[in-house]
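Beneath this line is the structure, given in structure tokens, with notes to follow.
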Amino acid sequence: METSDEEKNRPPGNESAEIERLKNELQREHDLYLRALADYENYRKRSDRERATAARSGKREVILSLLDLLDGFDLALRHMGDAPASITEGIDALHRKFLGLLQAQGVTPMRTVGETFDPQFHDAIGLVENEEVPPGRVAEEVQRGYRWGDEVLRPARVVVSSGAQPPVRDGGPVDGASGEPGGSPEE
């Protein structure tokens, strides 16, 4: 077995130092490889998230436009009045099909009338005295609200009940305890 000139000129004992240096260099290169692999994986995940967010945002805009069209159907159905039954049935069938299409995309109408007013789901456009609906509850829905999964796509535009107007006697509200005008029971 022949040895090269380089191996002959190398002082003994340096072999273990060279092996150690090569091991350290290999470890450093392996760490760089793992870091680059992790960076690429993070980049791929971030790109996928951004792409999904952009797609959802675009889809959201289209669905909001379709909700305006659905509002037109709702309005038309409310005002069909003396229209022939065939036209009413046709528009109603289109309305149901349109609602089914939106529901297949995860869009669902929100229940509002009689519910407690919640600014997260409702946009109050008025206040009305109503004996039948307790104060702070939705008395009337002016424009339907919709959810898209867990997200509020469009809040419902509603009129909120202030409750019944208190009875008035002799120009002032009637005191609940004594039945006398004005004052509180402690007076």
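Ordering of the structure tokens sets the chain letters (A, B, ...); residue numbers start at 1 within each chain; ligands are numbered from 1 in the order shown.
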**Request:** Output as a ChimeraX atom specification all residues of region 1-86 of chain A that backbone DSSP marks as alpha helix (DSSP H).
**Result:** /A:5-9,14-78,85-86
**Request:** Pick out the residues sitting within 8 Å of Asp74 (chain A), and hand them over as a ChimeraX atom specification; count only C-alpha atoms, and ignore anything fewer than 4 positions along from it in its own chain.
**Result:** /A:70,78,95
Can you build me a table of region 16-110 of chain A residues sitting at most 8 Å from region 143-146 of chain A, with the closest atom pair per residue and its distance in Å to one decimal, using only C-alpha atoms, sorted by chain and residue number, as a tab-separated table?
residue	atom	partner	partner_atom	distance
A:Asp71	CA	A:Gln143	CA	7.7
A:Val107	CA	A:Tyr146	CA	6.5
A:Thr108	CA	A:Tyr146	CA	5.5
A:Pro109	CA	A:Tyr146	CA	4.4
A:Met110	CA	A:Tyr146	CA	5.4
**Item:** Best match for closeness to Arg56 (chain A) among A:Gln105, A:Ser161, A:Asn130, A:Thr112, counting only C-alpha atoms
**Value:** A:Gln105
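Of note, CA of Glu151 (chain A) and CA of Ala124 (chain A) are spaced 18.9 Å apart.
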